[in-house]
Amino acid sequence: MKIVLIYDSVSSSKLTAKVSEVIASTLRAQGLEVTSAPVGDAKHIDLRDFDALLIGSPTMAWAPTKATKEFLDGLHGKQFSGKKAGSFDTQIRSFISGNANKAMEKALKDLGFSIAVPHLQSYVESHNKVYRLVDGELDRAAKWAKELAEALS
């Protein structure tokens with residue numbers, strides 16, 4: 001199983017990148033082949049070469065980042081039926097924070113991907129304007145990746 005993992009990470013803390021790294025390493029430990037790249041480098045990747053796409057983004061203004069939206073919009077007109085997908089986001093735990101996963105999953109489904117497992121939300125918190133993942137979130141990401149590996153097998 002060949003997986004491509006595309007992510008955006010905009011804060012200086014690079015929290016979505018950290019979650020992405022845990023997911024990729026966990027999937028590799030489960031025997032899956034993973035290519036991981038920031039969304040800015042993704043235009044050079046041919047998604048037809050992969051069995052599954054994972055997309056990750058911080059939640060910004062109730063949605064994925066502009067770069068993530070542009071990446072997904074750039075896939076319109078291509079068909080990905082028969083391929084699996086999944087999404088994950090990082091967000092502040094708040095009833096007004098929104099959720100990037102909803103938009104990403106809708107875009108993936110509209111492109112013909114089937115969602116392999118329910119999305120992962122990783123929560124962040126701010127201390128003195130410095131963002132960090134809430135304790136235990138990287139463990140949750142590893143657990144999610146193991147569930148994903150099982151679903152893809």
# chains A, B, ... in the order shown; residues from 1 in each chain; ligands from 1
>>> residues_around(residues="A:Phe80", least_positions_apart="3", cutoff="7 Å", atoms="only C-alpha atoms", output="ChimeraX atom specification")
/A:83,111-113
>>> residues_around(residues="A:Ala141", least_positions_apart="2", cutoff="9 Å", atoms="only C-alpha atoms", output="mmCIF file with C-alpha atoms, in the first residue's frame")
data_model
loop_
_atom_site.group_PDB
_atom_site.id
_atom_site.type_symbol
_atom_site.label_atom_id
_atom_site.label_comp_id
_atom_site.auth_asym_id
_atom_site.auth_seq_id
_atom_site.Cartn_x
_atom_site.Cartn_y
_atom_site.Cartn_z
ATOM 1 C CA VAL A 19 1.318 15.386 13.912
ATOM 2 C CA SER A 20 2.101 14.502 10.290
ATOM 3 C CA VAL A 22 3.978 10.851 13.913
ATOM 4 C CA ILE A 23 1.347 9.592 11.481
ATOM 5 C CA THR A 26 3.552 5.001 12.633
ATOM 6 C CA PHE A 88 -6.468 15.383 10.111
ATOM 7 C CA LEU A 120 -8.401 13.047 13.475
ATOM 8 C CA GLN A 121 -8.631 16.326 15.352
ATOM 9 C CA SER A 122 -5.500 17.224 17.305
ATOM 10 C CA GLY A 136 -1.436 13.203 24.688
ATOM 11 C CA GLU A 137 -2.245 14.459 21.185
ATOM 12 C CA LEU A 138 0.774 12.827 19.540
ATOM 13 C CA ASP A 139 -0.206 9.519 21.172
ATOM 14 C CA LYS A 143 -3.324 5.456 17.580
ATOM 15 C CA TRP A 144 -5.272 6.982 14.680
ATOM 16 C CA ALA A 145 -2.497 5.991 12.268
ATOM 17 C CA LYS A 146 -2.610 2.390 13.522
#
>>> select_by_dssp(residues="stretch 21-50 of chain A", states="strand (DSSP E)", output="count of residues only")
6
>>> closest_residue(among="A:Gln30, A:Thr68, A:Thr16, A:Ser126", to="A:Thr90", atoms="only C-alpha atoms")
A:Thr16
>>> select_by_dssp(residues="chain A", states="helix (DSSP H, G or I)", output="PyMOL selection string")
chain A and resi 15-29+39-44+47-49+66-73+100-110+137-152
>>> closest_residue(among="A:Ile92, A:Asp8, A:Ala107, A:Leu53", to="A:Leu72", atoms="only C-alpha atoms")
A:Ala107
>>> closest_residue(among="A:Met60, A:Ala149, A:Ala116, A:Val134", to="A:Ser11", atoms="only C-alpha atoms")
A:Met60
>>> atom_distance(atom1="atom CA of A:Gln91", atom2="atom CA of A:Val124")
5.7 Å
>>> closest_residue(among="A:Gly98, A:Pro118, A:Gly74, A:Gly86", to="A:Ile55", atoms="only C-alpha atoms")
A:Gly86
>>> atom_distance(atom1="atom CA of A:Lys43", atom2="atom CA of A:Asn99")
24.5 Å
>>> closest_residue(among="A:Arg132, A:Ile3, A:Asp41, A:Lys66", to="A:Ser25", atoms="only C-alpha atoms")
A:Ile3
>>> closest_residue(among="A:His119, A:Arg28, A:Lys78, A:Arg93", to="A:Leu54", atoms="only C-alpha atoms")
A:His119
>>> residues_around(residues="A:Ile6", least_positions_apart="6", cutoff="7 Å", atoms="only C-alpha atoms", output="PDB file with N, CA and C atoms, in the first residue's frame")
ATOM      1  N   SER A  36       5.755  11.699   2.299  1.00  0.00           N
ATOM      2  CA  SER A  36       5.203  12.837   3.025  1.00  0.00           C
ATOM      3  C   SER A  36       5.794  14.127   2.486  1.00  0.00           C
ATOM      4  N   ALA A  37       4.936  15.151   2.310  1.00  0.00           N
ATOM      5  CA  ALA A  37       5.421  16.423   1.778  1.00  0.00           C
ATOM      6  C   ALA A  37       4.542  17.570   2.251  1.00  0.00           C
ATOM      7  N   PRO A  38       5.162  18.732   2.468  1.00  0.00           N
ATOM      8  CA  PRO A  38       4.354  19.919   2.731  1.00  0.00           C
ATOM      9  C   PRO A  38       3.543  20.269   1.486  1.00  0.00           C
ATOM     10  N   VAL A  39       2.403  20.884   1.694  1.00  0.00           N
ATOM     11  CA  VAL A  39       1.497  21.166   0.590  1.00  0.00           C
ATOM     12  C   VAL A  39       2.174  22.010  -0.492  1.00  0.00           C
ATOM     13  N   ALA A  42       3.686  19.717  -3.023  1.00  0.00           N
ATOM     14  CA  ALA A  42       2.825  18.625  -3.491  1.00  0.00           C
ATOM     15  C   ALA A  42       2.517  18.672  -4.981  1.00  0.00           C
ATOM     16  N   LEU A  54      -3.575  11.156   2.362  1.00  0.00           N
ATOM     17  CA  LEU A  54      -3.875  11.763   3.657  1.00  0.00           C
ATOM     18  C   LEU A  54      -3.590  13.246   3.537  1.00  0.00           C
ATOM     19  N   ILE A  55      -4.491  14.058   4.052  1.00  0.00           N
ATOM     20  CA  ILE A  55      -4.323  15.507   3.985  1.00  0.00           C
ATOM     21  C   ILE A  55      -4.505  16.091   5.375  1.00  0.00           C
ATOM     22  N   GLY A  56      -3.584  16.980   5.759  1.00  0.00           N
ATOM     23  CA  GLY A  56      -3.640  17.589   7.079  1.00  0.00           C
ATOM     24  C   GLY A  56      -3.451  19.091   7.010  1.00  0.00           C
TER      25      GLY A  56
END
>>> residues_around(residues="A:Lys69", least_positions_apart="6", cutoff="10 Å", atoms="only C-alpha atoms", output="JSON, numbers by chain")
{"A": [39, 57, 63, 100, 103, 104, 107]}
